[in-house]
>>> print(open('start25.txt').read())   # compact mmCIF, N, CA and C atoms
# COMPACT_ATOMS: atom_id res chain seq x y z
N MET A 1 -182.78 -54.13 -177.73
CA MET A 1 -181.54 -54.85 -177.60
C MET A 1 -181.01 -55.21 -178.99
N ASN A 2 -179.71 -55.01 -179.16
CA ASN A 2 -179.04 -55.22 -180.44
C ASN A 2 -178.13 -56.46 -180.34
N LEU A 3 -178.03 -57.23 -181.39
CA LEU A 3 -177.19 -58.43 -181.38
C LEU A 3 -175.70 -58.10 -181.34
N LEU A 4 -175.29 -56.93 -181.78
CA LEU A 4 -173.89 -56.57 -181.83
C LEU A 4 -173.40 -55.87 -180.57
N ASP A 5 -174.18 -55.80 -179.53
CA ASP A 5 -173.78 -55.10 -178.31
C ASP A 5 -172.61 -55.81 -177.61
N GLY A 6 -172.53 -57.12 -177.61
CA GLY A 6 -171.48 -57.85 -176.90
C GLY A 6 -170.16 -57.95 -177.66
N TRP A 7 -170.14 -57.52 -178.90
CA TRP A 7 -168.95 -57.67 -179.71
C TRP A 7 -167.89 -56.62 -179.42
N PHE A 8 -168.25 -55.51 -178.96
CA PHE A 8 -167.31 -54.40 -178.83
C PHE A 8 -166.95 -54.14 -177.39
N LYS A 9 -166.72 -55.18 -176.59
CA LYS A 9 -166.37 -55.00 -175.19
C LYS A 9 -164.88 -54.69 -175.02
N PHE A 10 -164.03 -55.20 -175.92
CA PHE A 10 -162.59 -55.02 -175.75
C PHE A 10 -162.12 -53.72 -176.36
N ASP A 11 -161.18 -53.14 -175.67
CA ASP A 11 -160.57 -51.91 -176.14
C ASP A 11 -159.49 -52.27 -177.17
N VAL A 12 -159.16 -51.34 -178.08
CA VAL A 12 -158.14 -51.60 -179.09
C VAL A 12 -156.79 -51.81 -178.43
N GLY A 13 -156.50 -51.10 -177.37
CA GLY A 13 -155.22 -51.25 -176.66
C GLY A 13 -155.04 -52.64 -176.07
N GLU A 14 -156.11 -53.20 -175.52
CA GLU A 14 -156.02 -54.54 -174.94
C GLU A 14 -155.81 -55.58 -176.04
N GLY A 15 -156.46 -55.45 -177.16
CA GLY A 15 -156.27 -56.38 -178.28
C GLY A 15 -154.85 -56.29 -178.84
N ALA A 16 -154.33 -55.06 -178.93
CA ALA A 16 -152.96 -54.88 -179.39
C ALA A 16 -151.98 -55.53 -178.42
N PHE A 17 -152.24 -55.39 -177.12
CA PHE A 17 -151.37 -56.01 -176.11
C PHE A 17 -151.35 -57.52 -176.28
N TYR A 18 -152.52 -58.15 -176.44
CA TYR A 18 -152.58 -59.60 -176.59
C TYR A 18 -151.90 -60.06 -177.88
N SER A 19 -152.04 -59.32 -178.95
CA SER A 19 -151.40 -59.72 -180.20
C SER A 19 -149.87 -59.61 -180.10
N VAL A 20 -149.38 -58.51 -179.52
CA VAL A 20 -147.93 -58.36 -179.35
C VAL A 20 -147.40 -59.43 -178.40
N PHE A 21 -148.13 -59.70 -177.31
CA PHE A 21 -147.72 -60.74 -176.37
C PHE A 21 -147.66 -62.10 -177.07
N GLY A 22 -148.61 -62.40 -177.91
CA GLY A 22 -148.61 -63.66 -178.65
C GLY A 22 -147.44 -63.75 -179.62
N PHE A 23 -147.16 -62.65 -180.35
CA PHE A 23 -146.03 -62.66 -181.27
C PHE A 23 -144.71 -62.89 -180.53
N VAL A 24 -144.52 -62.21 -179.42
CA VAL A 24 -143.28 -62.34 -178.64
C VAL A 24 -143.17 -63.76 -178.09
N PHE A 25 -144.26 -64.31 -177.58
CA PHE A 25 -144.25 -65.66 -177.02
C PHE A 25 -143.86 -66.69 -178.07
N VAL A 26 -144.44 -66.59 -179.26
CA VAL A 26 -144.13 -67.53 -180.34
C VAL A 26 -142.69 -67.34 -180.81
N PHE A 27 -142.24 -66.09 -180.95
CA PHE A 27 -140.87 -65.81 -181.38
C PHE A 27 -139.87 -66.38 -180.39
N LEU A 28 -140.08 -66.20 -179.10
CA LEU A 28 -139.17 -66.74 -178.09
C LEU A 28 -139.18 -68.27 -178.10
N GLY A 29 -140.33 -68.86 -178.31
CA GLY A 29 -140.40 -70.32 -178.39
C GLY A 29 -139.59 -70.86 -179.55
N ILE A 30 -139.71 -70.23 -180.71
CA ILE A 30 -138.95 -70.66 -181.88
C ILE A 30 -137.46 -70.44 -181.65
N ALA A 31 -137.08 -69.30 -181.05
CA ALA A 31 -135.67 -69.03 -180.76
C ALA A 31 -135.10 -70.08 -179.81
N LEU A 32 -135.87 -70.48 -178.80
CA LEU A 32 -135.40 -71.51 -177.87
C LEU A 32 -135.22 -72.85 -178.57
N LEU A 33 -136.13 -73.20 -179.46
CA LEU A 33 -135.98 -74.44 -180.23
C LEU A 33 -134.73 -74.41 -181.11
N ILE A 34 -134.48 -73.28 -181.75
CA ILE A 34 -133.29 -73.15 -182.58
C ILE A 34 -132.03 -73.32 -181.74
N LEU A 35 -131.97 -72.65 -180.60
CA LEU A 35 -130.81 -72.76 -179.73
C LEU A 35 -130.63 -74.19 -179.22
N PHE A 36 -131.71 -74.86 -178.88
CA PHE A 36 -131.64 -76.23 -178.39
C PHE A 36 -131.05 -77.15 -179.45
N PHE A 37 -131.51 -77.03 -180.70
CA PHE A 37 -131.01 -77.91 -181.74
C PHE A 37 -129.58 -77.56 -182.15
N MET A 38 -129.20 -76.29 -182.06
CA MET A 38 -127.80 -75.93 -182.32
C MET A 38 -126.90 -76.53 -181.26
N LEU A 39 -127.30 -76.45 -180.00
CA LEU A 39 -126.52 -77.04 -178.91
C LEU A 39 -126.43 -78.55 -179.07
N LEU A 40 -127.52 -79.19 -179.43
CA LEU A 40 -127.53 -80.63 -179.65
C LEU A 40 -126.58 -81.01 -180.79
N GLY A 41 -126.55 -80.22 -181.84
CA GLY A 41 -125.64 -80.47 -182.96
C GLY A 41 -124.18 -80.36 -182.55
N MET A 42 -123.85 -79.35 -181.74
CA MET A 42 -122.47 -79.20 -181.28
C MET A 42 -122.06 -80.38 -180.39
N ILE A 43 -122.96 -80.82 -179.52
CA ILE A 43 -122.66 -81.96 -178.65
C ILE A 43 -122.42 -83.21 -179.48
N MET A 44 -123.27 -83.46 -180.46
CA MET A 44 -123.12 -84.65 -181.30
C MET A 44 -121.84 -84.59 -182.12
N LYS A 45 -121.45 -83.39 -182.56
CA LYS A 45 -120.21 -83.24 -183.32
C LYS A 45 -119.00 -83.59 -182.46
N ARG A 46 -118.99 -83.14 -181.21
CA ARG A 46 -117.88 -83.45 -180.31
C ARG A 46 -117.83 -84.94 -180.00
N ILE A 47 -118.96 -85.55 -179.79
CA ILE A 47 -118.99 -87.00 -179.52
C ILE A 47 -118.46 -87.76 -180.72
N ASN A 48 -118.82 -87.34 -181.92
CA ASN A 48 -118.36 -87.99 -183.14
C ASN A 48 -116.85 -87.83 -183.30
N GLU A 49 -116.31 -86.63 -183.00
CA GLU A 49 -114.87 -86.40 -183.10
C GLU A 49 -114.11 -87.28 -182.12
N ARG A 50 -114.63 -87.43 -180.90
CA ARG A 50 -113.97 -88.30 -179.92
C ARG A 50 -113.95 -89.74 -180.39
N GLY A 51 -115.07 -90.20 -180.96
CA GLY A 51 -115.14 -91.56 -181.47
C GLY A 51 -114.16 -91.80 -182.60
N GLU A 52 -114.03 -90.83 -183.51
CA GLU A 52 -113.09 -90.96 -184.62
C GLU A 52 -111.66 -91.01 -184.10
N LYS A 53 -111.36 -90.21 -183.08
CA LYS A 53 -110.02 -90.20 -182.50
C LYS A 53 -109.70 -91.56 -181.88
N LYS A 54 -110.65 -92.13 -181.15
CA LYS A 54 -110.43 -93.44 -180.53
C LYS A 54 -110.25 -94.52 -181.59
N ARG A 55 -111.03 -94.46 -182.68
CA ARG A 55 -110.88 -95.44 -183.74
C ARG A 55 -109.52 -95.33 -184.41
N ALA A 56 -109.04 -94.10 -184.63
CA ALA A 56 -107.72 -93.91 -185.24
C ALA A 56 -106.63 -94.45 -184.32
N GLU A 57 -106.75 -94.22 -183.01
CA GLU A 57 -105.77 -94.75 -182.07
C GLU A 57 -105.79 -96.28 -182.07
N ALA A 58 -106.98 -96.87 -182.13
CA ALA A 58 -107.10 -98.32 -182.15
C ALA A 58 -106.48 -98.90 -183.42
N GLN A 59 -106.66 -98.23 -184.55
CA GLN A 59 -106.06 -98.70 -185.79
C GLN A 59 -104.55 -98.61 -185.73
N ALA A 60 -104.03 -97.52 -185.18
CA ALA A 60 -102.59 -97.36 -185.06
C ALA A 60 -102.01 -98.42 -184.13
N LYS A 61 -102.73 -98.71 -183.05
CA LYS A 61 -102.28 -99.74 -182.12
C LYS A 61 -102.29 -101.12 -182.78
N ALA A 62 -103.32 -101.40 -183.59
CA ALA A 62 -103.40 -102.68 -184.28
C ALA A 62 -102.26 -102.84 -185.28
N VAL A 63 -101.87 -101.78 -185.94
CA VAL A 63 -100.76 -101.84 -186.89
C VAL A 63 -99.45 -102.06 -186.14
N MET A 64 -99.30 -101.43 -185.00
CA MET A 64 -98.07 -101.58 -184.21
C MET A 64 -97.94 -102.96 -183.60
N GLU A 65 -99.05 -103.64 -183.35
CA GLU A 65 -99.02 -104.95 -182.74
C GLU A 65 -98.82 -106.08 -183.75
N ALA A 66 -98.65 -105.73 -185.01
CA ALA A 66 -98.45 -106.75 -186.04
C ALA A 66 -97.12 -107.45 -185.79
N PRO A 67 -97.00 -108.71 -186.14
CA PRO A 67 -95.74 -109.43 -185.92
C PRO A 67 -94.60 -108.79 -186.70
N ALA A 68 -93.45 -108.67 -186.05
CA ALA A 68 -92.31 -107.99 -186.66
C ALA A 68 -91.63 -108.87 -187.71
N VAL A 69 -91.59 -110.17 -187.49
CA VAL A 69 -90.92 -111.07 -188.41
C VAL A 69 -91.98 -111.84 -189.20
N PRO A 70 -92.02 -111.65 -190.50
CA PRO A 70 -93.03 -112.38 -191.28
C PRO A 70 -92.68 -113.85 -191.40
N GLU A 71 -93.69 -114.69 -191.37
CA GLU A 71 -93.48 -116.11 -191.59
C GLU A 71 -93.32 -116.37 -193.08
N GLU A 72 -93.02 -117.59 -193.41
CA GLU A 72 -92.82 -117.95 -194.81
C GLU A 72 -94.10 -117.73 -195.61
N GLY A 73 -94.03 -116.97 -196.67
CA GLY A 73 -95.19 -116.72 -197.51
C GLY A 73 -96.06 -115.56 -197.02
N GLU A 74 -95.74 -114.95 -195.88
CA GLU A 74 -96.51 -113.81 -195.37
C GLU A 74 -95.97 -112.51 -195.91
N ILE A 75 -96.82 -111.53 -195.93
CA ILE A 75 -96.42 -110.19 -196.39
C ILE A 75 -95.82 -109.44 -195.20
N PRO A 76 -94.70 -108.74 -195.40
CA PRO A 76 -94.07 -108.02 -194.29
C PRO A 76 -95.01 -106.94 -193.71
N PRO A 77 -94.88 -106.63 -192.42
CA PRO A 77 -95.76 -105.63 -191.80
C PRO A 77 -95.64 -104.24 -192.41
N GLU A 78 -94.46 -103.92 -192.96
CA GLU A 78 -94.30 -102.61 -193.60
C GLU A 78 -95.20 -102.48 -194.82
N VAL A 79 -95.33 -103.58 -195.56
CA VAL A 79 -96.19 -103.57 -196.75
C VAL A 79 -97.66 -103.47 -196.34
N VAL A 80 -98.02 -104.21 -195.28
CA VAL A 80 -99.40 -104.15 -194.78
C VAL A 80 -99.72 -102.73 -194.32
N ALA A 81 -98.77 -102.08 -193.61
CA ALA A 81 -98.98 -100.70 -193.15
C ALA A 81 -99.11 -99.74 -194.33
N ALA A 82 -98.29 -99.95 -195.35
CA ALA A 82 -98.36 -99.07 -196.53
C ALA A 82 -99.69 -99.23 -197.25
N ILE A 83 -100.16 -100.47 -197.40
CA ILE A 83 -101.45 -100.70 -198.07
C ILE A 83 -102.58 -100.10 -197.24
N SER A 84 -102.53 -100.29 -195.93
CA SER A 84 -103.57 -99.72 -195.05
C SER A 84 -103.58 -98.20 -195.14
N ALA A 85 -102.40 -97.59 -195.14
CA ALA A 85 -102.32 -96.13 -195.24
C ALA A 85 -102.86 -95.64 -196.58
N ALA A 86 -102.56 -96.38 -197.65
CA ALA A 86 -103.07 -95.98 -198.97
C ALA A 86 -104.60 -96.06 -199.01
N LEU A 87 -105.16 -97.13 -198.45
CA LEU A 87 -106.62 -97.26 -198.41
C LEU A 87 -107.24 -96.15 -197.58
N TYR A 88 -106.65 -95.85 -196.43
CA TYR A 88 -107.17 -94.79 -195.57
C TYR A 88 -107.12 -93.44 -196.27
N ALA A 89 -105.99 -93.16 -196.97
CA ALA A 89 -105.87 -91.89 -197.69
C ALA A 89 -106.91 -91.80 -198.80
N TYR A 90 -107.17 -92.91 -199.49
CA TYR A 90 -108.17 -92.91 -200.56
C TYR A 90 -109.56 -92.60 -200.00
N TYR A 91 -109.93 -93.29 -198.91
CA TYR A 91 -111.25 -93.06 -198.33
C TYR A 91 -111.38 -91.65 -197.76
N GLU A 92 -110.31 -91.12 -197.22
CA GLU A 92 -110.36 -89.75 -196.69
C GLU A 92 -110.53 -88.74 -197.81
N ARG A 93 -109.85 -88.97 -198.94
CA ARG A 93 -109.96 -88.05 -200.07
C ARG A 93 -111.37 -88.08 -200.66
N GLU A 94 -111.99 -89.25 -200.67
CA GLU A 94 -113.33 -89.40 -201.21
C GLU A 94 -114.43 -88.95 -200.25
N GLN A 95 -114.05 -88.56 -199.03
CA GLN A 95 -115.00 -88.10 -198.00
C GLN A 95 -116.02 -89.18 -197.67
N VAL A 96 -115.55 -90.44 -197.60
CA VAL A 96 -116.42 -91.57 -197.28
C VAL A 96 -116.23 -91.89 -195.80
N LYS A 97 -117.33 -92.00 -195.08
CA LYS A 97 -117.26 -92.39 -193.67
C LYS A 97 -117.28 -93.91 -193.59
N CYS A 98 -116.12 -94.49 -193.63
CA CYS A 98 -116.01 -95.94 -193.65
C CYS A 98 -115.02 -96.36 -192.57
N ASP A 99 -115.43 -97.24 -191.69
CA ASP A 99 -114.56 -97.73 -190.63
C ASP A 99 -114.01 -99.08 -191.06
N PHE A 100 -112.98 -99.03 -191.89
CA PHE A 100 -112.43 -100.28 -192.38
C PHE A 100 -111.24 -100.69 -191.52
N VAL A 101 -111.00 -101.98 -191.46
CA VAL A 101 -109.84 -102.54 -190.79
C VAL A 101 -109.27 -103.60 -191.71
N VAL A 102 -107.99 -103.49 -192.01
CA VAL A 102 -107.35 -104.49 -192.86
C VAL A 102 -107.02 -105.68 -191.97
N ARG A 103 -107.68 -106.78 -192.20
CA ARG A 103 -107.49 -107.98 -191.38
C ARG A 103 -106.49 -108.95 -192.02
N ARG A 104 -106.51 -109.03 -193.34
CA ARG A 104 -105.64 -109.98 -194.00
C ARG A 104 -105.37 -109.49 -195.41
N ILE A 105 -104.14 -109.67 -195.86
CA ILE A 105 -103.76 -109.37 -197.23
C ILE A 105 -103.14 -110.65 -197.79
N LYS A 106 -103.68 -111.11 -198.90
CA LYS A 106 -103.19 -112.34 -199.50
C LYS A 106 -102.58 -112.02 -200.86
N ARG A 107 -101.52 -112.76 -201.19
CA ARG A 107 -100.94 -112.64 -202.53
C ARG A 107 -101.81 -113.45 -203.50
N ILE A 108 -102.01 -112.90 -204.66
CA ILE A 108 -102.81 -113.59 -205.66
C ILE A 108 -101.91 -114.09 -206.77
>>> encode(input="start25.txt", output="structure tokens")
Amino acid sequence: MNLLDGWFKFDVGEGAFYSVFGFVFVFLGIALLILFFMLLGMIMKRINERGEKKRAEAQAKAVMEAPAVPEEGEIPPEVVAAISAALYAYYEREQVKCDFVVRRIKRI
């Protein structure tokens, strides 16, 4: 009896089949993970775009609801809108994700 008798039970074809099957299984698993994360990224991008749209609408509504007649010593709404637009344009040009709201402007 030889110690190496049990080592050579498998045929080369069967070993090749198992190796190819393993490669395909791993490749498909990685491909599914890639597709899953790509889909998740697209979903998150759409949710983010909807949120930005709602925030822009809310800001526009807040500007429109400003009092039309300024009180004594107050800044007119047109000036407040112009300052808000300038700040928004600056932040957009700088590519800064900042959700700012102009609440009050005071003369110094």
>>> atom_distance(input="start25.txt", atom1="atom N of Asp99 of chain A", atom2="atom N of Ala56 of chain A")
10.0 Å
>>> atom_distance(input="start25.txt", atom1="atom CA of Ile30 of chain A", atom2="atom C of Val12 of chain A")
26.2 Å
>>> atom_distance(input="start25.txt", atom1="atom N of Ser84 of chain A", atom2="atom C of Arg103 of chain A")
10.3 Å
>>> select_by_dssp(input="start25.txt", residues="segment 17-85 of chain A", states="alpha helix (DSSP H)", output="PyMOL selection string")
chain A and resi 17-64+77-85
>>> decode(input="start25.txt", residues="segment 42-61 of chain A", atoms="N, CA and C atoms", output="mmCIF file, in the first residue's frame")
data_model
loop_
_atom_site.group_PDB
_atom_site.id
_atom_site.type_symbol
_atom_site.label_atom_id
_atom_site.label_comp_id
_atom_site.auth_asym_id
_atom_site.auth_seq_id
_atom_site.Cartn_x
_atom_site.Cartn_y
_atom_site.Cartn_z
ATOM 1 N N MET A 42 -27.694 55.785 -8.205
ATOM 2 C CA MET A 42 -28.669 56.502 -9.023
ATOM 3 C C MET A 42 -29.893 56.893 -8.196
ATOM 4 N N ILE A 43 -30.348 55.993 -7.330
ATOM 5 C CA ILE A 43 -31.504 56.288 -6.484
ATOM 6 C C ILE A 43 -31.182 57.443 -5.548
ATOM 7 N N MET A 44 -30.015 57.420 -4.921
ATOM 8 C CA MET A 44 -29.635 58.483 -3.995
ATOM 9 C C MET A 44 -29.477 59.822 -4.722
ATOM 10 N N LYS A 45 -28.992 59.792 -5.962
ATOM 11 C CA LYS A 45 -28.847 61.018 -6.742
ATOM 12 C C LYS A 45 -30.212 61.633 -7.025
ATOM 13 N N ARG A 46 -31.185 60.819 -7.393
ATOM 14 C CA ARG A 46 -32.535 61.332 -7.663
ATOM 15 C C ARG A 46 -33.176 61.882 -6.399
ATOM 16 N N ILE A 47 -32.998 61.212 -5.284
ATOM 17 C CA ILE A 47 -33.557 61.703 -4.019
ATOM 18 C C ILE A 47 -32.932 63.044 -3.668
ATOM 19 N N ASN A 48 -31.636 63.186 -3.868
ATOM 20 C CA ASN A 48 -30.935 64.435 -3.577
ATOM 21 C C ASN A 48 -31.422 65.555 -4.486
ATOM 22 N N GLU A 49 -31.642 65.266 -5.779
ATOM 23 C CA GLU A 49 -32.140 66.278 -6.709
ATOM 24 C C GLU A 49 -33.534 66.744 -6.312
ATOM 25 N N ARG A 50 -34.391 65.824 -5.889
ATOM 26 C CA ARG A 50 -35.739 66.209 -5.455
ATOM 27 C C ARG A 50 -35.671 67.104 -4.230
ATOM 28 N N GLY A 51 -34.794 66.767 -3.286
ATOM 29 C CA GLY A 51 -34.638 67.585 -2.085
ATOM 30 C C GLY A 51 -34.149 68.985 -2.403
ATOM 31 N N GLU A 52 -33.192 69.102 -3.335
ATOM 32 C CA GLU A 52 -32.687 70.409 -3.726
ATOM 33 C C GLU A 52 -33.776 71.231 -4.396
ATOM 34 N N LYS A 53 -34.604 70.579 -5.206
ATOM 35 C CA LYS A 53 -35.696 71.279 -5.877
ATOM 36 C C LYS A 53 -36.697 71.812 -4.853
ATOM 37 N N LYS A 54 -37.042 71.006 -3.860
ATOM 38 C CA LYS A 54 -37.977 71.445 -2.822
ATOM 39 C C LYS A 54 -37.397 72.598 -2.015
ATOM 40 N N ARG A 55 -36.095 72.535 -1.705
ATOM 41 C CA ARG A 55 -35.470 73.619 -0.959
ATOM 42 C C ARG A 55 -35.466 74.911 -1.759
ATOM 43 N N ALA A 56 -35.202 74.825 -3.070
ATOM 44 C CA ALA A 56 -35.213 76.017 -3.919
ATOM 45 C C ALA A 56 -36.616 76.611 -3.985
ATOM 46 N N GLU A 57 -37.640 75.759 -4.085
ATOM 47 C CA GLU A 57 -39.018 76.255 -4.096
ATOM 48 C C GLU A 57 -39.362 76.921 -2.770
ATOM 49 N N ALA A 58 -38.925 76.337 -1.661
ATOM 50 C CA ALA A 58 -39.195 76.919 -0.347
ATOM 51 C C ALA A 58 -38.509 78.270 -0.199
ATOM 52 N N GLN A 59 -37.294 78.397 -0.713
ATOM 53 C CA GLN A 59 -36.589 79.676 -0.639
ATOM 54 C C GLN A 59 -37.292 80.726 -1.487
ATOM 55 N N ALA A 60 -37.739 80.337 -2.675
ATOM 56 C CA ALA A 60 -38.446 81.277 -3.543
ATOM 57 C C ALA A 60 -39.758 81.716 -2.888
ATOM 58 N N LYS A 61 -40.439 80.776 -2.250
ATOM 59 C CA LYS A 61 -41.688 81.104 -1.564
ATOM 60 C C LYS A 61 -41.430 82.044 -0.391
#
